[in-house]
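Engineer: run.cif is reproduced in full below (mmCIF, N, CA and C atoms).
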```cif
data_upload
#
loop_
_atom_site.label_atom_id
_atom_site.label_comp_id
_atom_site.auth_asym_id
_atom_site.auth_seq_id
_atom_site.Cartn_x
_atom_site.Cartn_y
_atom_site.Cartn_z
N MET A 622 -5.46 20.62 1.47
CA MET A 622 -6.00 19.28 1.61
C MET A 622 -5.62 18.77 3.01
N SER A 623 -6.60 18.27 3.74
CA SER A 623 -6.36 17.78 5.10
C SER A 623 -5.64 16.43 5.05
N PRO A 624 -4.98 16.04 6.14
CA PRO A 624 -4.34 14.73 6.18
C PRO A 624 -5.33 13.59 5.92
N LEU A 625 -6.59 13.72 6.38
CA LEU A 625 -7.58 12.68 6.10
C LEU A 625 -7.93 12.64 4.61
N ASP A 626 -7.95 13.80 3.96
CA ASP A 626 -8.18 13.83 2.51
C ASP A 626 -7.03 13.14 1.77
N VAL A 627 -5.82 13.36 2.24
CA VAL A 627 -4.64 12.71 1.64
C VAL A 627 -4.76 11.20 1.79
N LEU A 628 -5.15 10.74 2.98
CA LEU A 628 -5.36 9.30 3.20
C LEU A 628 -6.42 8.78 2.24
N GLY A 629 -7.53 9.48 2.13
CA GLY A 629 -8.60 9.04 1.24
C GLY A 629 -8.17 8.94 -0.21
N ARG A 630 -7.42 9.94 -0.68
CA ARG A 630 -6.93 9.92 -2.06
C ARG A 630 -5.99 8.74 -2.28
N PHE A 631 -5.11 8.48 -1.30
CA PHE A 631 -4.18 7.36 -1.39
C PHE A 631 -4.93 6.03 -1.44
N LEU A 632 -5.90 5.85 -0.53
CA LEU A 632 -6.66 4.60 -0.51
C LEU A 632 -7.40 4.39 -1.82
N ALA A 633 -7.97 5.46 -2.37
CA ALA A 633 -8.67 5.35 -3.66
C ALA A 633 -7.71 4.93 -4.77
N ALA A 634 -6.49 5.46 -4.75
CA ALA A 634 -5.50 5.09 -5.76
C ALA A 634 -5.11 3.62 -5.62
N VAL A 635 -4.89 3.18 -4.38
CA VAL A 635 -4.54 1.77 -4.15
C VAL A 635 -5.67 0.88 -4.65
N GLU A 636 -6.90 1.22 -4.28
CA GLU A 636 -8.04 0.38 -4.65
C GLU A 636 -8.33 0.42 -6.14
N SER A 637 -7.87 1.46 -6.85
CA SER A 637 -8.04 1.52 -8.31
C SER A 637 -7.02 0.61 -9.00
N ARG A 638 -6.02 0.15 -8.25
CA ARG A 638 -4.94 -0.72 -8.74
C ARG A 638 -4.06 0.00 -9.76
N ASP A 639 -3.99 1.32 -9.65
CA ASP A 639 -3.19 2.15 -10.55
C ASP A 639 -1.92 2.57 -9.82
N ALA A 640 -0.84 1.85 -10.05
CA ALA A 640 0.41 2.11 -9.33
C ALA A 640 0.93 3.52 -9.58
N ALA A 641 0.74 4.04 -10.79
CA ALA A 641 1.19 5.41 -11.07
C ALA A 641 0.39 6.42 -10.23
N ALA A 642 -0.90 6.19 -10.07
CA ALA A 642 -1.73 7.07 -9.23
C ALA A 642 -1.30 6.97 -7.77
N VAL A 643 -0.92 5.77 -7.34
CA VAL A 643 -0.41 5.60 -5.98
C VAL A 643 0.86 6.42 -5.81
N ALA A 644 1.80 6.27 -6.72
CA ALA A 644 3.07 7.01 -6.63
C ALA A 644 2.84 8.52 -6.64
N ALA A 645 1.83 8.98 -7.37
CA ALA A 645 1.53 10.41 -7.46
C ALA A 645 1.01 10.97 -6.14
N CYS A 646 0.62 10.12 -5.22
CA CYS A 646 0.16 10.56 -3.89
C CYS A 646 1.33 10.96 -2.99
N PHE A 647 2.55 10.66 -3.42
CA PHE A 647 3.75 10.88 -2.61
C PHE A 647 4.54 12.09 -3.10
N THR A 648 5.27 12.73 -2.19
CA THR A 648 6.21 13.77 -2.58
C THR A 648 7.33 13.13 -3.40
N PRO A 649 8.04 13.90 -4.23
CA PRO A 649 9.13 13.32 -5.03
C PRO A 649 10.20 12.63 -4.18
N ASP A 650 10.42 13.10 -2.96
CA ASP A 650 11.46 12.53 -2.10
C ASP A 650 10.89 11.64 -1.00
N ALA A 651 9.66 11.18 -1.18
CA ALA A 651 8.97 10.41 -0.14
C ALA A 651 9.68 9.11 0.19
N VAL A 652 9.35 8.61 1.37
CA VAL A 652 9.87 7.33 1.85
C VAL A 652 8.69 6.43 2.18
N PHE A 653 8.73 5.20 1.67
CA PHE A 653 7.75 4.18 2.02
C PHE A 653 8.48 3.05 2.71
N ARG A 654 8.09 2.78 3.93
CA ARG A 654 8.70 1.70 4.71
C ARG A 654 7.63 0.66 4.99
N ASN A 655 7.78 -0.50 4.39
CA ASN A 655 6.92 -1.64 4.69
C ASN A 655 7.71 -2.46 5.71
N VAL A 656 7.65 -1.98 6.96
CA VAL A 656 8.48 -2.51 8.05
C VAL A 656 8.24 -4.01 8.19
N PRO A 657 9.27 -4.84 8.21
CA PRO A 657 10.68 -4.54 8.39
C PRO A 657 11.51 -4.54 7.11
N GLN A 658 10.89 -4.44 5.94
CA GLN A 658 11.66 -4.44 4.70
C GLN A 658 12.40 -3.12 4.52
N GLU A 659 13.31 -3.11 3.55
CA GLU A 659 14.06 -1.90 3.24
C GLU A 659 13.12 -0.80 2.76
N ALA A 660 13.49 0.42 3.04
CA ALA A 660 12.68 1.57 2.61
C ALA A 660 12.80 1.78 1.11
N ALA A 661 11.69 2.21 0.51
CA ALA A 661 11.68 2.65 -0.89
C ALA A 661 11.70 4.18 -0.83
N VAL A 662 12.66 4.79 -1.51
CA VAL A 662 12.81 6.24 -1.45
C VAL A 662 12.56 6.83 -2.83
N GLY A 663 11.63 7.76 -2.92
CA GLY A 663 11.29 8.42 -4.18
C GLY A 663 10.12 7.73 -4.88
N ARG A 664 9.47 8.49 -5.73
CA ARG A 664 8.27 7.98 -6.40
C ARG A 664 8.53 6.74 -7.24
N GLU A 665 9.64 6.71 -7.97
CA GLU A 665 9.92 5.55 -8.83
C GLU A 665 10.09 4.28 -8.00
N ALA A 666 10.79 4.38 -6.88
CA ALA A 666 10.98 3.22 -6.02
C ALA A 666 9.65 2.78 -5.40
N ILE A 667 8.82 3.75 -5.03
CA ILE A 667 7.51 3.43 -4.45
C ILE A 667 6.63 2.78 -5.51
N LEU A 668 6.68 3.30 -6.72
CA LEU A 668 5.95 2.70 -7.83
C LEU A 668 6.37 1.24 -8.02
N ALA A 669 7.66 0.98 -7.94
CA ALA A 669 8.19 -0.38 -8.12
C ALA A 669 7.72 -1.32 -7.02
N VAL A 670 7.47 -0.81 -5.83
CA VAL A 670 6.96 -1.64 -4.73
C VAL A 670 5.49 -1.99 -4.96
N PHE A 671 4.70 -1.01 -5.34
CA PHE A 671 3.26 -1.21 -5.48
C PHE A 671 2.85 -1.92 -6.77
N ARG A 672 3.57 -1.69 -7.84
CA ARG A 672 3.17 -2.22 -9.14
C ARG A 672 2.92 -3.74 -9.15
N PRO A 673 3.82 -4.58 -8.64
CA PRO A 673 3.60 -6.04 -8.74
C PRO A 673 2.32 -6.52 -8.06
N ILE A 674 2.07 -6.08 -6.84
CA ILE A 674 0.89 -6.56 -6.12
C ILE A 674 -0.38 -5.99 -6.72
N LEU A 675 -0.37 -4.73 -7.13
CA LEU A 675 -1.57 -4.15 -7.71
C LEU A 675 -1.88 -4.74 -9.08
N THR A 676 -0.85 -5.01 -9.86
CA THR A 676 -1.02 -5.59 -11.19
C THR A 676 -1.53 -7.03 -11.08
N ARG A 677 -1.00 -7.76 -10.12
CA ARG A 677 -1.36 -9.17 -9.95
C ARG A 677 -2.76 -9.35 -9.37
N SER A 678 -3.25 -8.37 -8.65
CA SER A 678 -4.56 -8.45 -8.01
C SER A 678 -5.67 -8.08 -8.98
N SER A 679 -6.78 -8.78 -8.88
CA SER A 679 -7.96 -8.41 -9.67
C SER A 679 -8.81 -7.39 -8.93
N ARG A 680 -8.60 -7.31 -7.63
CA ARG A 680 -9.33 -6.36 -6.79
C ARG A 680 -8.49 -6.09 -5.55
N VAL A 681 -8.57 -4.86 -5.02
CA VAL A 681 -7.87 -4.49 -3.80
C VAL A 681 -8.83 -3.66 -2.95
N ARG A 682 -8.84 -3.95 -1.66
CA ARG A 682 -9.66 -3.16 -0.72
C ARG A 682 -8.87 -3.02 0.56
N TRP A 683 -8.56 -1.79 0.95
CA TRP A 683 -7.89 -1.52 2.22
C TRP A 683 -8.92 -0.93 3.16
N GLU A 684 -9.35 -1.74 4.09
CA GLU A 684 -10.41 -1.37 5.03
C GLU A 684 -9.80 -0.71 6.27
N VAL A 685 -10.18 0.54 6.52
CA VAL A 685 -9.68 1.27 7.69
C VAL A 685 -10.63 1.03 8.85
N HIS A 686 -10.07 0.56 9.97
CA HIS A 686 -10.87 0.28 11.16
C HIS A 686 -10.86 1.45 12.14
N ASN A 687 -9.70 2.02 12.33
CA ASN A 687 -9.54 3.15 13.25
C ASN A 687 -8.54 4.12 12.65
N VAL A 688 -8.79 5.40 12.88
CA VAL A 688 -7.89 6.42 12.36
C VAL A 688 -7.77 7.53 13.40
N ALA A 689 -6.57 8.07 13.49
CA ALA A 689 -6.32 9.20 14.38
C ALA A 689 -5.40 10.17 13.64
N VAL A 690 -5.62 11.46 13.88
CA VAL A 690 -4.81 12.49 13.25
C VAL A 690 -4.19 13.35 14.34
N SER A 691 -2.90 13.60 14.19
CA SER A 691 -2.18 14.50 15.08
C SER A 691 -1.37 15.44 14.19
N GLY A 692 -1.85 16.66 14.03
CA GLY A 692 -1.18 17.60 13.13
C GLY A 692 -1.21 17.08 11.71
N GLN A 693 -0.05 16.85 11.13
CA GLN A 693 0.07 16.35 9.76
C GLN A 693 0.39 14.86 9.71
N VAL A 694 0.09 14.15 10.79
CA VAL A 694 0.35 12.71 10.87
C VAL A 694 -0.96 11.96 11.04
N VAL A 695 -1.13 10.91 10.24
CA VAL A 695 -2.33 10.07 10.30
C VAL A 695 -1.91 8.67 10.72
N PHE A 696 -2.62 8.12 11.69
CA PHE A 696 -2.43 6.74 12.11
C PHE A 696 -3.67 5.98 11.65
N ALA A 697 -3.49 4.90 10.90
CA ALA A 697 -4.63 4.15 10.37
C ALA A 697 -4.43 2.66 10.58
N GLU A 698 -5.33 2.07 11.36
CA GLU A 698 -5.35 0.62 11.54
C GLU A 698 -6.20 0.04 10.41
N ARG A 699 -5.65 -0.91 9.65
CA ARG A 699 -6.31 -1.40 8.45
C ARG A 699 -6.27 -2.92 8.35
N THR A 700 -7.14 -3.42 7.49
CA THR A 700 -6.99 -4.76 6.94
C THR A 700 -6.84 -4.56 5.44
N ASP A 701 -5.72 -5.00 4.91
CA ASP A 701 -5.44 -4.88 3.48
C ASP A 701 -5.86 -6.18 2.80
N ARG A 702 -6.76 -6.08 1.84
CA ARG A 702 -7.29 -7.25 1.16
C ARG A 702 -6.94 -7.19 -0.33
N PHE A 703 -6.45 -8.32 -0.82
CA PHE A 703 -6.08 -8.46 -2.22
C PHE A 703 -6.75 -9.72 -2.76
N TRP A 704 -7.36 -9.63 -3.94
CA TRP A 704 -7.95 -10.79 -4.59
C TRP A 704 -7.06 -11.17 -5.75
N ILE A 705 -6.52 -12.39 -5.68
CA ILE A 705 -5.59 -12.88 -6.69
C ILE A 705 -6.04 -14.28 -7.09
N ASP A 706 -6.23 -14.50 -8.38
CA ASP A 706 -6.68 -15.80 -8.90
C ASP A 706 -7.93 -16.28 -8.18
N GLY A 707 -8.85 -15.36 -7.90
CA GLY A 707 -10.11 -15.72 -7.29
C GLY A 707 -10.07 -15.94 -5.79
N GLU A 708 -8.92 -15.79 -5.18
CA GLU A 708 -8.76 -15.98 -3.73
C GLU A 708 -8.51 -14.64 -3.06
N GLU A 709 -9.08 -14.48 -1.88
CA GLU A 709 -8.82 -13.27 -1.10
C GLU A 709 -7.67 -13.51 -0.12
N TYR A 710 -6.75 -12.55 -0.09
CA TYR A 710 -5.63 -12.58 0.85
C TYR A 710 -5.72 -11.30 1.68
N ALA A 711 -5.72 -11.46 3.00
CA ALA A 711 -5.89 -10.31 3.88
C ALA A 711 -4.79 -10.30 4.94
N VAL A 712 -4.36 -9.10 5.28
CA VAL A 712 -3.36 -8.93 6.33
C VAL A 712 -3.70 -7.67 7.12
N GLN A 713 -3.52 -7.76 8.42
CA GLN A 713 -3.74 -6.60 9.29
C GLN A 713 -2.50 -5.72 9.23
N CYS A 714 -2.73 -4.42 9.29
CA CYS A 714 -1.65 -3.47 9.11
C CYS A 714 -1.94 -2.21 9.92
N ASN A 715 -0.90 -1.59 10.42
CA ASN A 715 -0.99 -0.26 11.01
C ASN A 715 -0.12 0.66 10.18
N GLY A 716 -0.72 1.71 9.66
CA GLY A 716 0.02 2.65 8.82
C GLY A 716 0.14 4.01 9.48
N VAL A 717 1.30 4.61 9.35
CA VAL A 717 1.56 5.96 9.83
C VAL A 717 1.96 6.79 8.62
N ILE A 718 1.18 7.84 8.36
CA ILE A 718 1.40 8.68 7.19
C ILE A 718 1.78 10.08 7.65
N GLU A 719 2.90 10.57 7.16
CA GLU A 719 3.30 11.96 7.41
C GLU A 719 3.03 12.75 6.14
N VAL A 720 2.26 13.82 6.28
CA VAL A 720 1.81 14.63 5.14
C VAL A 720 2.59 15.93 5.07
N ARG A 721 2.95 16.30 3.82
CA ARG A 721 3.59 17.59 3.58
C ARG A 721 3.04 18.16 2.27
N ASP A 722 2.53 19.35 2.32
CA ASP A 722 2.02 20.03 1.12
C ASP A 722 0.97 19.20 0.38
N GLY A 723 0.10 18.52 1.13
CA GLY A 723 -0.98 17.77 0.52
C GLY A 723 -0.58 16.44 -0.09
N LEU A 724 0.66 15.99 0.16
CA LEU A 724 1.15 14.72 -0.35
C LEU A 724 1.75 13.91 0.80
N ILE A 725 1.94 12.64 0.57
CA ILE A 725 2.56 11.77 1.57
C ILE A 725 4.07 11.94 1.49
N ALA A 726 4.68 12.39 2.58
CA ALA A 726 6.13 12.53 2.65
C ALA A 726 6.76 11.24 3.16
N GLU A 727 6.04 10.54 4.04
CA GLU A 727 6.53 9.26 4.54
C GLU A 727 5.33 8.40 4.93
N LEU A 728 5.42 7.14 4.56
CA LEU A 728 4.43 6.15 4.96
C LEU A 728 5.17 4.97 5.56
N ARG A 729 4.82 4.66 6.80
CA ARG A 729 5.38 3.49 7.47
C ARG A 729 4.24 2.52 7.73
N ASP A 730 4.30 1.36 7.09
CA ASP A 730 3.32 0.30 7.31
C ASP A 730 3.96 -0.77 8.18
N TYR A 731 3.27 -1.09 9.25
CA TYR A 731 3.74 -2.11 10.19
C TYR A 731 2.85 -3.33 10.02
N VAL A 732 3.44 -4.40 9.51
CA VAL A 732 2.70 -5.62 9.22
C VAL A 732 3.57 -6.80 9.61
N ASP A 733 2.95 -7.89 10.01
CA ASP A 733 3.68 -9.11 10.33
C ASP A 733 3.96 -9.82 9.01
N LEU A 734 5.17 -9.66 8.48
CA LEU A 734 5.50 -10.23 7.18
C LEU A 734 5.50 -11.75 7.20
N GLY A 735 5.77 -12.34 8.35
CA GLY A 735 5.70 -13.80 8.46
C GLY A 735 4.29 -14.30 8.17
N VAL A 736 3.31 -13.64 8.77
CA VAL A 736 1.91 -13.99 8.53
C VAL A 736 1.56 -13.75 7.07
N TRP A 737 1.95 -12.59 6.54
CA TRP A 737 1.67 -12.26 5.15
C TRP A 737 2.26 -13.30 4.21
N ARG A 738 3.50 -13.68 4.41
CA ARG A 738 4.15 -14.65 3.53
C ARG A 738 3.50 -16.02 3.63
N ARG A 739 3.09 -16.42 4.84
CA ARG A 739 2.40 -17.71 5.00
C ARG A 739 1.06 -17.69 4.27
N ARG A 740 0.35 -16.58 4.34
CA ARG A 740 -0.95 -16.49 3.68
C ARG A 740 -0.81 -16.43 2.16
N LEU A 741 0.16 -15.68 1.70
CA LEU A 741 0.30 -15.44 0.26
C LEU A 741 1.10 -16.52 -0.44
N GLY A 742 2.06 -17.10 0.24
CA GLY A 742 2.90 -18.11 -0.39
C GLY A 742 3.60 -17.54 -1.60
N ASP A 743 3.57 -18.29 -2.70
CA ASP A 743 4.26 -17.84 -3.93
C ASP A 743 3.27 -17.30 -4.97
N VAL A 744 2.10 -16.85 -4.52
CA VAL A 744 1.07 -16.40 -5.46
C VAL A 744 1.53 -15.22 -6.31
N LEU A 745 2.48 -14.43 -5.85
CA LEU A 745 2.94 -13.29 -6.63
C LEU A 745 3.95 -13.65 -7.70
N VAL A 746 4.43 -14.90 -7.67
CA VAL A 746 5.36 -15.37 -8.70
C VAL A 746 4.56 -15.52 -10.00
N HIS A 747 5.12 -14.97 -11.08
CA HIS A 747 4.43 -15.03 -12.38
C HIS A 747 4.17 -16.49 -12.77
N ARG A 748 2.93 -16.77 -13.10
CA ARG A 748 2.54 -18.09 -13.55
C ARG A 748 2.15 -18.00 -15.01
N PRO A 749 2.89 -18.70 -15.87
CA PRO A 749 2.56 -18.64 -17.31
C PRO A 749 1.14 -19.12 -17.58
N GLN A 750 0.45 -18.44 -18.46
CA GLN A 750 -0.89 -18.82 -18.89
C GLN A 750 -0.77 -19.40 -20.30
N ASN A 751 -1.18 -20.63 -20.48
CA ASN A 751 -1.14 -21.28 -21.80
C ASN A 751 0.27 -21.29 -22.38
N GLY A 752 1.26 -21.53 -21.55
CA GLY A 752 2.63 -21.60 -22.01
C GLY A 752 3.28 -20.27 -22.30
N VAL A 753 2.60 -19.17 -22.01
CA VAL A 753 3.12 -17.83 -22.31
C VAL A 753 3.83 -17.27 -21.10
#
```
Output the file's structure as structure tokens, nothing else.
Structural biologist:
Amino acid sequence: MSPLDVLGRFLAAVESRDAAAVAACFTPDAVFRNVPQEAAVGREAILAVFRPILTRSSRVRWEVHNVAVSGQVVFAERTDRFWIDGEEYAVQCNGVIEVRDGLIAELRDYVDLGVWRRRLGDVLVHRPQNGV
């Protein structure tokens, strides 16, 4: 599987909003760095990072604008879009994916978290529906 195929499989998993499918795109010892946050190491930790946002979103679309491949490394400039409670939230991101044996060994996403937090606010905080 080529590095671009790995990227495509990962994007499809993200857009399906299936956190387990996302985690399955990674090697067992993979590292996910949503720079500047702490790294998530291993599939379970990566699953824990993706699950809240994917579960909370009714739709996800990660639009790739530019991509470059160097050996087993993919550079992808993206706009990550999440629809939550009928609103679209978008953030620009640059992702660097290192591929090993057809899986993601490391993913480093570079995003301005200040911008992301201002746009998203507290929308990811669980809001009870009908007192539940």
Engineer: Using only C-alpha atoms, which residues sit within 6 Å of stretch 640-650 of chain A once same-chain residues fewer than 3 positions away are excluded, as a PyMOL selection string?
Structural biologist: chain A and resi 631+634-635+663-664+668+671-672+724-726
Engineer: Using all atoms listed in the file, which residue out of A:Leu734, A:Ala697, A:Arg739, A:Val690 lies closest to A:Val656?
Structural biologist: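 Among the listed residues, the smallest separation from A:Val656 belongs to A:Leu734.
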Engineer: May I ask for the distance between atom CA of A:Asp706 and atom CA of A:Pro673, given in Å to one decimal place?
Structural biologist: 14.2 Å
Engineer: Would you please work out which residue, of A:Arg721, A:Arg682, A:Arg740, A:Arg729, is nearest to A:Leu632 when using all atoms listed in the file?
Structural biologist: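 Among the listed residues, the smallest separation from A:Leu632 belongs to A:Arg682.
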Engineer: Evaluating the PyMOL selection byres (((chain A and resi 696 and name CA) around 6) and name CA) on the displayed file yields which residues, as a ChimeraX atom specification?
Structural biologist: /A:688-689,695,697,716-717
Engineer: Report as a list in words the full result of the PyMOL selection byres ((chain A and resi 730) around 8) when it is applied to this structure.
Structural biologist: Phe653, Arg654, Asn655, Val656, Pro657, Cys714, Asn715, Gly716, Val717, Ile718, Glu727, Leu728, Arg729, Tyr731, Val732 and Asp733 of chain A
Engineer: Please compute the atom N of A:Asp639-atom CA of A:Leu675 distance, one decimal, in Å.
Structural biologist: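 Separation between atom N of A:Asp639 and atom CA of A:Leu675: 6.3 Å.
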